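Structure first, then comments.
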Amino acid sequence: MIQNDFPGKGKNEEERSLNFIEQIITEDIRSGKNESRVHTRFPPEPNGYLHIGHAKSICLNYGLAEKFNGLYNLRFDDTNPLTEEIEYVDSIMEDVRWLGYDWEDRLYYASDYFEQLYGWAEKLIGKGKAYVCELSAEEISAHRGTPTRPGTESPYRNRSVEENLSLFRQMRNGDFKEGEKVLRAKIDMSSPNMHMRDPVLYRIIHATHHRTGDKWCIYPTYDYAHGQSDSIEGITHSICTLEFEVHRPLYDWFISELEIFPSRQIEFARLNLSYTIMSKRKLLQLVREGHVAGWNDPRMPTISGLRRRGYTPESIRYFADRIGVAKRDNVIDVALLEHSVREDLNKKATRVMAVLNPVRVVLTNYPEGESEEVDAVVNPEMPELGKRKVPFSREILIERDDFMEDPPRKFFRLAPGREVRLKYAYIIKCEEVVKNSRGEITEIRCTYDPLTRSGLPDANRKVKSTIHWVSAPHGREVEVRLFDRLFLKEDPDEVEEGKDFKSNLNPDSLKVTKGYISSGIGNAVTLDKFQFERLGYFCVDPDSTPQKPVFNRTVTLRDAWARIGKNQ
RNA sequence: UGUCCUGUGGUGUAAUUGGCAACACGUCUGACUCUGGAUCAGAAGAGUCCAGGUUCGACCCCUGGCAGGACAACCA
């Protein structure tokens with residue numbers, strides 16, 4: 001239902017080739033595997049906010065289920081009470097829902113399965129496939145060897161089933177201190193795959209869990225919990241990122257030893273975005289150290305940040321679709337993300353005229369004290385939305401950038417002796433420039449041609465350009481927040497010796513300024529989107545009040561003139 | 001000096017699974033335009049990491065290199 005609601009998707013859907021995961025699923029359906037059922041899941045750990053990389057995963061997992069008429073779950077991977085919080089659970093649900101996905105009644109928590117998982121652990125012990133180990137964390141690590149050197153077996157490895165069972169039950173009972181004992185699988189300490197060297201299944205953590213409270217003091221590790229949770233839920237295709245590829249043999253080992261439903265793990269390459277960091281740890285650091293205003297700071301690549309920035313769910317889903325899915329490491333150009341919002345907002349955003357860096361223009365032949373209203377379209381992409389009225393008068397504000405006293409050849413806008421069209425209004429001609437003692441332009445004096453008012457029969461005289469404007473007495477002052485990329489470098493992690501990613505922070509990533517709006521924002525509420533004509537897309541920030549509107553710049557318009565400037 | 005994964009225009013993804021490389025973003029032209037936006041038309045840009053091999057024919061298969069990534073939490 002939400003699949004085909006953005007441009008570029010839909011019409012060619014049939015012809016588009018399948019990505020490698022779709023090919024696997026298509027083949028599984030064809031062969032009748034799992035009764036040709038498709039069931040996926042998105043399994044976030046509630047220890048941080050979701051970011052655009054998670055959006056890729058959500059769109060992938062859920063999009064696949066939709067495409068193949070399957071189901072999808074939301075499951076919190078909450079096996080570590082030390083780092084997980086209910087605040088994150090809530091934000092994650094909000095973000096997934098906002099993206100446009102509905103997991104219906106299929107909301108699960110790994111913690112729901114603790115009892116089952118525990119039972120299976122006893123089963124492994126019974127089979128002689130797991131044992132209680134009393135080595136310290138450091139010792140276990142040392143015994144594990146290195147990727148190039150085999151490990152050595154724990155002295156506790158060959159305890160009897162009975163002893164393991166009673167020890168494990170004591171662990172559950174809380175008879176031991178943290179770190180004193182763990183339950184490990186008994187696999188192969190000389191395996192070339194580190195994850196098969198007797199991985200830890202359970203550790204003792206005397207902490208209150210956000211859902212199970214104090215019921216448990218032993219908690220399953222990721223490896224022991226994740227695959228089995230998939231299995232319990234009947235997940236057919238468990239899609240995760242590349243770093244879990246080496247875990248797959250272990251994932252399969254549990255399925256085989258426990259003889260449970262065989263979910264299949266498939267790995268894809270996580271999203272990397274230029275000029276952006278995606279590490280939860282680093283994002284948390286930016287928040288904690290105050291480099292940004294919070295998880296939902298509009299400069300953050302978090303879903304909540306993008307939402308506040310003015311991104312739409314459709315634009316993010318479109319983006320996720322465009323970037324594709326594969327197994328090789330990739331860095332997507334932020335320009336594609338920006339293209340995605342422009343694409344969507346161009347069709348949706350109400351047009352409004354606003355001047356952010358004003359210079360006063362006086363129309364010397366316009367009667368003093370008078371004003372009128374001109375018609376402006378609400379959105380040229382949707383003519384059916386009709387027109388809006390914009391006040392016009394003798395004194396107006398235009399963008400300082402739209403005037404040059406000594407213009408270069410390719411500058412089409414206002415200059416001494418030159419004419420431009422004031423959008424929706426008249427053609428004006430610059431007659432005189434007024435400066436202060438410092439030589440700064442304080443006022444531009446022009447004449448207007450009354451016969452050229454938009455809509456009039458003789459109004460269509462050719463001029464080099466059309467500029468936006470705001471009637472000075474009618475202009476409404478608003479706060480505007482201009483965002484730029486958070487980092488100066490394409491790869492923020494590329495740093496000199498001894499420095500970290502924060503040294504690449506862009507000091508000018510946020511510029512707060514005043515702007516003047518002509519009309520048309522009405523009673524705009526938080527996150528309402530507008531196009532400030534010729535400037536970019538803006539949305540109402542939650543800080544906004546009716547007395548003091550605040551706008552965030554989502555993204556600028558493509559700007560050919562700016563590109564000319566850059567190339568010179 | 002182990003195991004696994006990956007290597008296609010600037011970026012990302014394709015190539016119906018052996019028939020001389022397509023699409024998107026970006027870039028650059030031009031048209032149109034009361035947004036230097038949008039739209040439309042077009043262009044440049046890779047011969048598929050390298051070297052062999054199989055084949056009438058290889059991005060695709062084989063061998064050997066090279067390069068990048070992942071793995072040594074009681075994180076996920």
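Convention: chains lettered A, B, ... in structure tokens order; per-chain residue numbering from 1; ligands numbered from 1 as shown.
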Next item on the list: Might you pull out every residue within 7 Å of segment 101-107 of chain A, with only C-alpha atoms (C1' of nucleotides) counted and same-chain residues fewer than 5 positions away left off, and present them as a list of chain:residue names?
Entry: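 Those residues are A:Tyr72, A:Asn73, A:Leu74, A:Arg75, A:Val96.
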Can those selected residues be exported to a file as a PDB file, in the first residue's frame so that it contains N, CA and C atoms?
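What ended up in part_5.pdb:
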```pdb
ATOM      1  N   TYR A  72       6.012  -9.061   8.462  1.00  0.00           N
ATOM      2  CA  TYR A  72       7.234  -8.601   9.109  1.00  0.00           C
ATOM      3  C   TYR A  72       6.983  -8.264  10.569  1.00  0.00           C
ATOM      4  N   ASN A  73       7.983  -8.523  11.379  1.00  0.00           N
ATOM      5  CA  ASN A  73       7.898  -8.274  12.820  1.00  0.00           C
ATOM      6  C   ASN A  73       8.791  -7.108  13.215  1.00  0.00           C
ATOM      7  N   LEU A  74       8.451  -6.527  14.343  1.00  0.00           N
ATOM      8  CA  LEU A  74       9.393  -5.620  15.007  1.00  0.00           C
ATOM      9  C   LEU A  74       9.818  -6.350  16.281  1.00  0.00           C
ATOM     10  N   ARG A  75      11.112  -6.550  16.404  1.00  0.00           N
ATOM     11  CA  ARG A  75      11.576  -7.255  17.602  1.00  0.00           C
ATOM     12  C   ARG A  75      12.736  -6.519  18.249  1.00  0.00           C
ATOM     13  N   VAL A  96       9.800   3.974  13.323  1.00  0.00           N
ATOM     14  CA  VAL A  96       9.396   2.944  12.359  1.00  0.00           C
ATOM     15  C   VAL A  96       7.991   3.241  11.848  1.00  0.00           C
TER      16      VAL A  96
END
```
Next item on the list: At a cut-off of 6 Å, list the chain A residues touching chain B, using only C-alpha atoms (C1' of nucleotides), as a list in words.
Entry: Thr146, Pro147, Thr148, Pro192, Asn193, Arg203, Glu243, Ile323, Gly324, Arg328, Leu336, Lys423, Glu533, Arg534, Ala560 and Trp561 of chain A
Item checked: Pick from A:Leu99, A:Val390, A:Leu258, A:Val463 nearest to Ser371 of chain A, counting only C-alpha atoms ->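 When distances to Ser371 of chain A are compared using only C-alpha atoms, the smallest one comes from A:Val390.
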Checklist line | Spatial neighbours of Tyr108 of chain A, max dist 12 Å, only C-alpha atoms (C1' of nucleotides), sep filter under 2 positions, as a ChimeraX atom specification | finding: /A:41-45,72-78,89,93,103-106,110-113,211,229-230,232-233
Item checked: Within 10 Å of Asn460 of chain A using only C-alpha atoms (C1' of nucleotides), minus same-chain residues under 5 positions, as an NGL selection string -> (:A and (421 or 427 or 451-455)) or (:B and (34))
Could the residues in this selection be saved with all heavy atoms as a compact mmCIF listing (two decimals), in the first residue's frame?
```
# COMPACT_ATOMS: atom_id res chain seq x y z
N ARG A 421 11.95 40.94 -13.43
CA ARG A 421 10.55 40.73 -13.05
C ARG A 421 10.46 40.42 -11.56
O ARG A 421 11.24 39.63 -11.05
CB ARG A 421 10.00 39.55 -13.86
CG ARG A 421 8.88 38.78 -13.24
CD ARG A 421 7.52 39.38 -13.47
NE ARG A 421 7.22 39.55 -14.88
CZ ARG A 421 6.14 40.24 -15.32
NH1 ARG A 421 5.32 40.80 -14.44
NH2 ARG A 421 5.92 40.37 -16.60
N ILE A 427 7.51 44.34 -13.57
CA ILE A 427 8.90 44.47 -13.98
C ILE A 427 9.41 45.79 -13.42
O ILE A 427 8.73 46.81 -13.48
CB ILE A 427 9.01 44.46 -15.52
CG1 ILE A 427 8.68 43.06 -16.04
CG2 ILE A 427 10.42 44.87 -15.96
CD1 ILE A 427 8.61 42.94 -17.55
N LEU A 451 2.23 48.55 -16.45
CA LEU A 451 1.59 47.72 -17.47
C LEU A 451 2.06 46.27 -17.45
O LEU A 451 1.54 45.42 -18.16
CB LEU A 451 1.88 48.30 -18.86
CG LEU A 451 1.33 49.70 -19.09
CD1 LEU A 451 1.76 50.21 -20.48
CD2 LEU A 451 -0.18 49.73 -18.96
N THR A 452 3.05 46.01 -16.64
CA THR A 452 3.64 44.66 -16.67
C THR A 452 3.17 43.78 -15.52
O THR A 452 3.73 42.72 -15.27
CB THR A 452 5.18 44.75 -16.60
OG1 THR A 452 5.55 45.46 -15.41
CG2 THR A 452 5.73 45.46 -17.82
N ARG A 453 2.18 44.22 -14.83
CA ARG A 453 1.69 43.39 -13.72
C ARG A 453 1.27 42.02 -14.25
O ARG A 453 0.62 41.89 -15.27
CB ARG A 453 0.50 44.07 -13.07
CG ARG A 453 -0.09 43.22 -11.97
CD ARG A 453 -1.14 43.94 -11.18
NE ARG A 453 -1.95 42.95 -10.48
CZ ARG A 453 -2.59 43.18 -9.35
NH1 ARG A 453 -2.54 44.39 -8.80
NH2 ARG A 453 -3.30 42.24 -8.78
N SER A 454 1.66 41.00 -13.55
CA SER A 454 1.37 39.63 -13.97
C SER A 454 -0.10 39.47 -14.30
O SER A 454 -0.97 39.89 -13.54
CB SER A 454 1.74 38.64 -12.87
OG SER A 454 3.11 38.73 -12.60
N GLY A 455 -0.35 38.88 -15.44
CA GLY A 455 -1.74 38.64 -15.83
C GLY A 455 -2.26 39.68 -16.80
O GLY A 455 -3.20 39.42 -17.55
P C B 34 7.56 32.79 -18.98
OP1 C B 34 6.20 33.03 -19.52
OP2 C B 34 8.76 32.98 -19.83
O5' C B 34 7.71 33.67 -17.66
C5' C B 34 8.99 33.88 -17.09
C4' C B 34 8.86 33.98 -15.59
O4' C B 34 8.13 35.20 -15.26
C3' C B 34 8.11 32.83 -14.96
O3' C B 34 8.77 32.46 -13.76
C2' C B 34 6.75 33.43 -14.60
O2' C B 34 6.18 32.85 -13.45
C1' C B 34 7.14 34.87 -14.31
N1 C B 34 6.04 35.83 -14.44
C2 C B 34 5.61 36.44 -13.26
O2 C B 34 6.16 36.17 -12.19
N3 C B 34 4.60 37.34 -13.31
C4 C B 34 4.04 37.61 -14.48
N4 C B 34 3.05 38.50 -14.49
C5 C B 34 4.45 36.98 -15.70
C6 C B 34 5.47 36.11 -15.64
```
Margin query: Going by DSSP on the backbone, which residues of segment 49-155 of chain A come out as strand (DSSP E)? List them as a PyMOL selection string.
Written below: chain A and resi 71-76+107-109+130-133
Next item on the list: Please provide the set of residues having any atom within 12 Å of G53 of chain B, restricted to only C-alpha atoms (C1' of nucleotides), with same-chain residues fewer than 2 positions apart removed, written as a list in words.
Entry: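 Selected residues are A51, U55, A58, C61, C62, U63 and G64 of chain B.
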Residue contacts of segment 490-493 of chain A (7 Å, only C-alpha atoms (C1' of nucleotides)) excluding same-chain residues fewer than 3 positions away, as a PDB file with all heavy atoms, in the first residue's frame:
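For reference, out.pdb as written:
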```
ATOM      1  N   SER A 274      28.332   9.882   2.602  1.00  0.00           N
ATOM      2  CA  SER A 274      29.424  10.843   2.633  1.00  0.00           C
ATOM      3  C   SER A 274      29.083  12.003   3.574  1.00  0.00           C
ATOM      4  O   SER A 274      27.916  12.344   3.760  1.00  0.00           O
ATOM      5  CB  SER A 274      29.713  11.356   1.224  1.00  0.00           C
ATOM      6  OG  SER A 274      28.596  11.989   0.668  1.00  0.00           O
ATOM      7  N   TYR A 275      30.105  12.573   4.175  1.00  0.00           N
ATOM      8  CA  TYR A 275      29.962  13.690   5.114  1.00  0.00           C
ATOM      9  C   TYR A 275      29.122  13.341   6.338  1.00  0.00           C
ATOM     10  O   TYR A 275      28.548  14.229   6.977  1.00  0.00           O
ATOM     11  CB  TYR A 275      29.352  14.925   4.411  1.00  0.00           C
ATOM     12  CG  TYR A 275      30.217  15.450   3.298  1.00  0.00           C
ATOM     13  CD1 TYR A 275      29.944  15.099   1.972  1.00  0.00           C
ATOM     14  CD2 TYR A 275      31.316  16.255   3.560  1.00  0.00           C
ATOM     15  CE1 TYR A 275      30.744  15.553   0.935  1.00  0.00           C
ATOM     16  CE2 TYR A 275      32.124  16.720   2.526  1.00  0.00           C
ATOM     17  CZ  TYR A 275      31.829  16.369   1.225  1.00  0.00           C
ATOM     18  OH  TYR A 275      32.623  16.827   0.203  1.00  0.00           O
ATOM     19  N   THR A 276      29.033  12.057   6.636  1.00  0.00           N
ATOM     20  CA  THR A 276      28.149  11.625   7.720  1.00  0.00           C
ATOM     21  C   THR A 276      28.794  10.495   8.515  1.00  0.00           C
ATOM     22  O   THR A 276      29.495   9.671   7.945  1.00  0.00           O
ATOM     23  CB  THR A 276      26.830  11.079   7.122  1.00  0.00           C
ATOM     24  OG1 THR A 276      26.344  12.007   6.167  1.00  0.00           O
ATOM     25  CG2 THR A 276      25.785  10.852   8.191  1.00  0.00           C
ATOM     26  N   ILE A 277      28.526  10.479   9.810  1.00  0.00           N
ATOM     27  CA  ILE A 277      28.930   9.303  10.582  1.00  0.00           C
ATOM     28  C   ILE A 277      27.672   8.527  10.945  1.00  0.00           C
ATOM     29  O   ILE A 277      26.593   9.079  11.104  1.00  0.00           O
ATOM     30  CB  ILE A 277      29.685   9.657  11.879  1.00  0.00           C
ATOM     31  CG1 ILE A 277      28.885  10.660  12.702  1.00  0.00           C
ATOM     32  CG2 ILE A 277      31.070  10.182  11.581  1.00  0.00           C
ATOM     33  CD1 ILE A 277      29.346  10.744  14.121  1.00  0.00           C
ATOM     34  N   PHE A 487      29.814  17.623   8.861  1.00  0.00           N
ATOM     35  CA  PHE A 487      31.258  17.401   8.762  1.00  0.00           C
ATOM     36  C   PHE A 487      31.840  18.010   7.498  1.00  0.00           C
ATOM     37  O   PHE A 487      31.182  18.067   6.460  1.00  0.00           O
ATOM     38  CB  PHE A 487      31.562  15.898   8.802  1.00  0.00           C
ATOM     39  CG  PHE A 487      31.278  15.283  10.136  1.00  0.00           C
ATOM     40  CD1 PHE A 487      30.056  14.670  10.371  1.00  0.00           C
ATOM     41  CD2 PHE A 487      32.204  15.359  11.159  1.00  0.00           C
ATOM     42  CE1 PHE A 487      29.772  14.125  11.619  1.00  0.00           C
ATOM     43  CE2 PHE A 487      31.927  14.814  12.412  1.00  0.00           C
ATOM     44  CZ  PHE A 487      30.711  14.187  12.639  1.00  0.00           C
ATOM     45  N   ASP A 500      40.371  12.951  16.438  1.00  0.00           N
ATOM     46  CA  ASP A 500      39.270  12.052  16.117  1.00  0.00           C
ATOM     47  C   ASP A 500      38.255  12.754  15.207  1.00  0.00           C
ATOM     48  O   ASP A 500      38.462  13.895  14.801  1.00  0.00           O
ATOM     49  CB  ASP A 500      38.611  11.497  17.377  1.00  0.00           C
ATOM     50  CG  ASP A 500      37.802  12.546  18.122  1.00  0.00           C
ATOM     51  OD1 ASP A 500      37.773  13.711  17.667  1.00  0.00           O
ATOM     52  OD2 ASP A 500      37.205  12.217  19.138  1.00  0.00           O
ATOM     53  N   PHE A 501      37.187  12.057  14.909  1.00  0.00           N
ATOM     54  CA  PHE A 501      36.219  12.564  13.938  1.00  0.00           C
ATOM     55  C   PHE A 501      35.683  13.948  14.267  1.00  0.00           C
ATOM     56  O   PHE A 501      35.266  14.692  13.374  1.00  0.00           O
ATOM     57  CB  PHE A 501      35.063  11.562  13.798  1.00  0.00           C
ATOM     58  CG  PHE A 501      34.151  11.508  14.992  1.00  0.00           C
ATOM     59  CD1 PHE A 501      32.918  12.131  14.953  1.00  0.00           C
ATOM     60  CD2 PHE A 501      34.523  10.838  16.150  1.00  0.00           C
ATOM     61  CE1 PHE A 501      32.069  12.090  16.055  1.00  0.00           C
ATOM     62  CE2 PHE A 501      33.678  10.788  17.251  1.00  0.00           C
ATOM     63  CZ  PHE A 501      32.448  11.425  17.202  1.00  0.00           C
ATOM     64  N   ASN A 504      36.746  17.092  12.519  1.00  0.00           N
ATOM     65  CA  ASN A 504      36.209  17.391  11.184  1.00  0.00           C
ATOM     66  C   ASN A 504      34.822  18.016  11.222  1.00  0.00           C
ATOM     67  O   ASN A 504      34.183  18.191  10.185  1.00  0.00           O
ATOM     68  CB  ASN A 504      36.153  16.109  10.346  1.00  0.00           C
ATOM     69  CG  ASN A 504      37.536  15.679   9.885  1.00  0.00           C
ATOM     70  OD1 ASN A 504      38.387  16.524   9.595  1.00  0.00           O
ATOM     71  ND2 ASN A 504      37.764  14.381   9.825  1.00  0.00           N
TER      72      ASN A 504
END
```
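Interatomic distance, atom CA of Lys462 of chain A against atom CA of Gly475 of chain A: 28.0 Å.
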Note to self: Taking 6 positions as the minimum chain separation for residues in the same chain, which residues sit within 10 Å of Leu345 of chain A when counting only C-alpha atoms (C1' of nucleotides)? Answer as a PyMOL selection string.
What the structure shows: chain A and resi 310-312+314-315+339+529-531+536-538+554-555
Export, as a JSON list (two decimals), in the first residue's frame, the selected residues with all heavy atoms.
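What landed in again-v9.json:
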```
[["chain", "number", "residue", "atom", "x", "y", "z"],
["A", 310, "GLY", "N", 12.89, 18.14, 8.08],
["A", 310, "GLY", "CA", 11.89, 18.36, 7.04],
["A", 310, "GLY", "C", 11.80, 17.24, 6.02],
["A", 310, "GLY", "O", 11.05, 17.32, 5.05],
["A", 311, "TYR", "N", 12.57, 16.19, 6.24],
["A", 311, "TYR", "CA", 12.47, 15.04, 5.33],
["A", 311, "TYR", "C", 11.12, 14.38, 5.51],
["A", 311, "TYR", "O", 10.55, 14.38, 6.60],
["A", 311, "TYR", "CB", 13.60, 14.03, 5.63],
["A", 311, "TYR", "CG", 14.89, 14.40, 4.92],
["A", 311, "TYR", "CD1", 15.65, 15.47, 5.38],
["A", 311, "TYR", "CD2", 15.32, 13.71, 3.80],
["A", 311, "TYR", "CE1", 16.82, 15.83, 4.72],
["A", 311, "TYR", "CE2", 16.49, 14.07, 3.14],
["A", 311, "TYR", "CZ", 17.23, 15.13, 3.60],
["A", 311, "TYR", "OH", 18.37, 15.50, 2.95],
["A", 312, "THR", "N", 10.63, 13.79, 4.44],
["A", 312, "THR", "CA", 9.37, 13.06, 4.50],
["A", 312, "THR", "C", 9.67, 11.56, 4.53],
["A", 312, "THR", "O", 10.72, 11.14, 4.05],
["A", 312, "THR", "CB", 8.52, 13.35, 3.25],
["A", 312, "THR", "OG1", 9.29, 12.99, 2.09],
["A", 312, "THR", "CG2", 8.15, 14.82, 3.18],
["A", 314, "GLU", "N", 8.31, 9.41, 2.68],
["A", 314, "GLU", "CA", 8.37, 8.99, 1.27],
["A", 314, "GLU", "C", 9.76, 9.22, 0.70],
["A", 314, "GLU", "O", 10.28, 8.39, -0.05],
["A", 314, "GLU", "CB", 7.36, 9.79, 0.43],
["A", 314, "GLU", "CG", 5.91, 9.48, 0.74],
["A", 314, "GLU", "CD", 5.40, 10.21, 1.97],
["A", 314, "GLU", "OE1", 6.17, 11.00, 2.58],
["A", 314, "GLU", "OE2", 4.23, 10.01, 2.35],
["A", 315, "SER", "N", 10.36, 10.35, 1.04],
["A", 315, "SER", "CA", 11.68, 10.65, 0.49],
["A", 315, "SER", "C", 12.72, 9.66, 1.00],
["A", 315, "SER", "O", 13.64, 9.28, 0.29],
["A", 315, "SER", "CB", 12.09, 12.09, 0.82],
["A", 315, "SER", "OG", 12.30, 12.25, 2.20],
["A", 339, "HIS", "N", 18.66, 14.81, -3.18],
["A", 339, "HIS", "CA", 17.83, 14.67, -4.38],
["A", 339, "HIS", "C", 16.48, 14.04, -4.02],
["A", 339, "HIS", "O", 15.44, 14.42, -4.55],
["A", 339, "HIS", "CB", 18.55, 13.82, -5.43],
["A", 339, "HIS", "CG", 17.67, 13.38, -6.55],
["A", 339, "HIS", "ND1", 17.12, 12.12, -6.61],
["A", 339, "HIS", "CD2", 17.20, 14.04, -7.64],
["A", 339, "HIS", "CE1", 16.36, 12.02, -7.70],
["A", 339, "HIS", "NE2", 16.40, 13.16, -8.34],
["A", 529, "LYS", "N", 5.57, 21.83, 5.57],
["A", 529, "LYS", "CA", 6.65, 22.08, 4.61],
["A", 529, "LYS", "C", 6.32, 23.18, 3.61],
["A", 529, "LYS", "O", 5.21, 23.25, 3.11],
["A", 529, "LYS", "CB", 6.96, 20.80, 3.84],
["A", 529, "LYS", "CG", 7.90, 19.88, 4.58],
["A", 529, "LYS", "CD", 7.21, 18.65, 5.06],
["A", 529, "LYS", "CE", 8.13, 17.79, 5.89],
["A", 529, "LYS", "NZ", 7.48, 17.40, 7.14],
["A", 530, "PHE", "N", 7.32, 23.98, 3.32],
["A", 530, "PHE", "CA", 7.17, 25.05, 2.34],
["A", 530, "PHE", "C", 8.38, 25.09, 1.41],
["A", 530, "PHE", "O", 9.46, 24.65, 1.79],
["A", 530, "PHE", "CB", 7.08, 26.40, 3.05],
["A", 530, "PHE", "CG", 5.87, 26.53, 3.93],
["A", 530, "PHE", "CD1", 5.95, 26.20, 5.28],
["A", 530, "PHE", "CD2", 4.66, 26.94, 3.41],
["A", 530, "PHE", "CE1", 4.82, 26.28, 6.09],
["A", 530, "PHE", "CE2", 3.54, 27.04, 4.21],
["A", 530, "PHE", "CZ", 3.62, 26.71, 5.56],
["A", 531, "GLN", "N", 8.12, 25.64, 0.24],
["A", 531, "GLN", "CA", 9.28, 26.02, -0.56],
["A", 531, "GLN", "C", 9.36, 27.53, -0.49],
["A", 531, "GLN", "O", 8.40, 28.22, -0.85],
["A", 531, "GLN", "CB", 9.14, 25.59, -2.02],
["A", 531, "GLN", "CG", 10.40, 25.93, -2.82],
["A", 531, "GLN", "CD", 10.21, 25.91, -4.32],
["A", 531, "GLN", "OE1", 10.01, 26.94, -4.95],
["A", 531, "GLN", "NE2", 10.25, 24.72, -4.90],
["A", 536, "GLY", "N", 14.84, 27.33, -1.34],
["A", 536, "GLY", "CA", 14.93, 25.95, -0.86],
["A", 536, "GLY", "C", 13.66, 25.52, -0.17],
["A", 536, "GLY", "O", 12.65, 26.23, -0.18],
["A", 537, "TYR", "N", 13.74, 24.34, 0.44],
["A", 537, "TYR", "CA", 12.59, 23.82, 1.17],
["A", 537, "TYR", "C", 12.81, 24.06, 2.65],
["A", 537, "TYR", "O", 13.93, 23.89, 3.16],
["A", 537, "TYR", "CB", 12.42, 22.33, 0.87],
["A", 537, "TYR", "CG", 12.10, 22.10, -0.59],
["A", 537, "TYR", "CD1", 13.09, 21.70, -1.49],
["A", 537, "TYR", "CD2", 10.82, 22.35, -1.07],
["A", 537, "TYR", "CE1", 12.80, 21.53, -2.84],
["A", 537, "TYR", "CE2", 10.52, 22.19, -2.42],
["A", 537, "TYR", "CZ", 11.51, 21.79, -3.31],
["A", 537, "TYR", "OH", 11.22, 21.64, -4.63],
["A", 538, "PHE", "N", 11.75, 24.45, 3.31],
["A", 538, "PHE", "CA", 11.83, 24.77, 4.73],
["A", 538, "PHE", "C", 10.65, 24.14, 5.45],
["A", 538, "PHE", "O", 9.59, 23.96, 4.87],
["A", 538, "PHE", "CB", 11.78, 26.30, 4.94],
["A", 538, "PHE", "CG", 12.99, 27.02, 4.39],
["A", 538, "PHE", "CD1", 13.14, 27.20, 3.02],
["A", 538, "PHE", "CD2", 13.95, 27.52, 5.25],
["A", 538, "PHE", "CE1", 14.26, 27.86, 2.50],
["A", 538, "PHE", "CE2", 15.08, 28.18, 4.75],
["A", 538, "PHE", "CZ", 15.23, 28.34, 3.37],
["A", 554, "THR", "N", 15.46, 22.59, 5.04],
["A", 554, "THR", "CA", 15.65, 21.17, 4.79],
["A", 554, "THR", "C", 16.79, 20.99, 3.81],
["A", 554, "THR", "O", 17.75, 20.25, 4.05],
["A", 554, "THR", "CB", 14.37, 20.55, 4.20],
["A", 554, "THR", "OG1", 13.27, 20.88, 5.05],
["A", 554, "THR", "CG2", 14.50, 19.05, 4.05],
["A", 555, "VAL", "N", 16.67, 21.67, 2.67],
["A", 555, "VAL", "CA", 17.68, 21.58, 1.63],
["A", 555, "VAL", "C", 17.48, 22.76, 0.68],
["A", 555, "VAL", "O", 16.37, 23.27, 0.55],
["A", 555, "VAL", "CB", 17.55, 20.23, 0.88],
["A", 555, "VAL", "CG1", 16.24, 20.14, 0.12],
["A", 555, "VAL", "CG2", 18.73, 19.96, -0.04]]
```
Notebook entry, point to check: What separation in Å, quoted to one decimal, exists between atom CA of Ile29 of chain A and atom CA of Tyr109 of chain A?
Noted result: 27.8 Å
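The gap separating atom CA of Glu338 of chain A from atom CA of Thr556 of chain A is 8.8 Å, in Å to one decimal.
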Note to self: My list of candidates is A:Glu22, A:Thr241, A:Arg563, A:Asp528. Which is closest to U27 of chain B when distances are computed with only C-alpha atoms (C1' of nucleotides)?
What the structure shows: A:Arg563
Next item on the list: Would you please work out which residue, of A:Lys502, A:Lys127, A:His206, A:Lys280, is nearest to Glu162 of chain A when using only C-alpha atoms?
Entry: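 Answer, going by the shortest atom-to-atom distance: A:Lys127.
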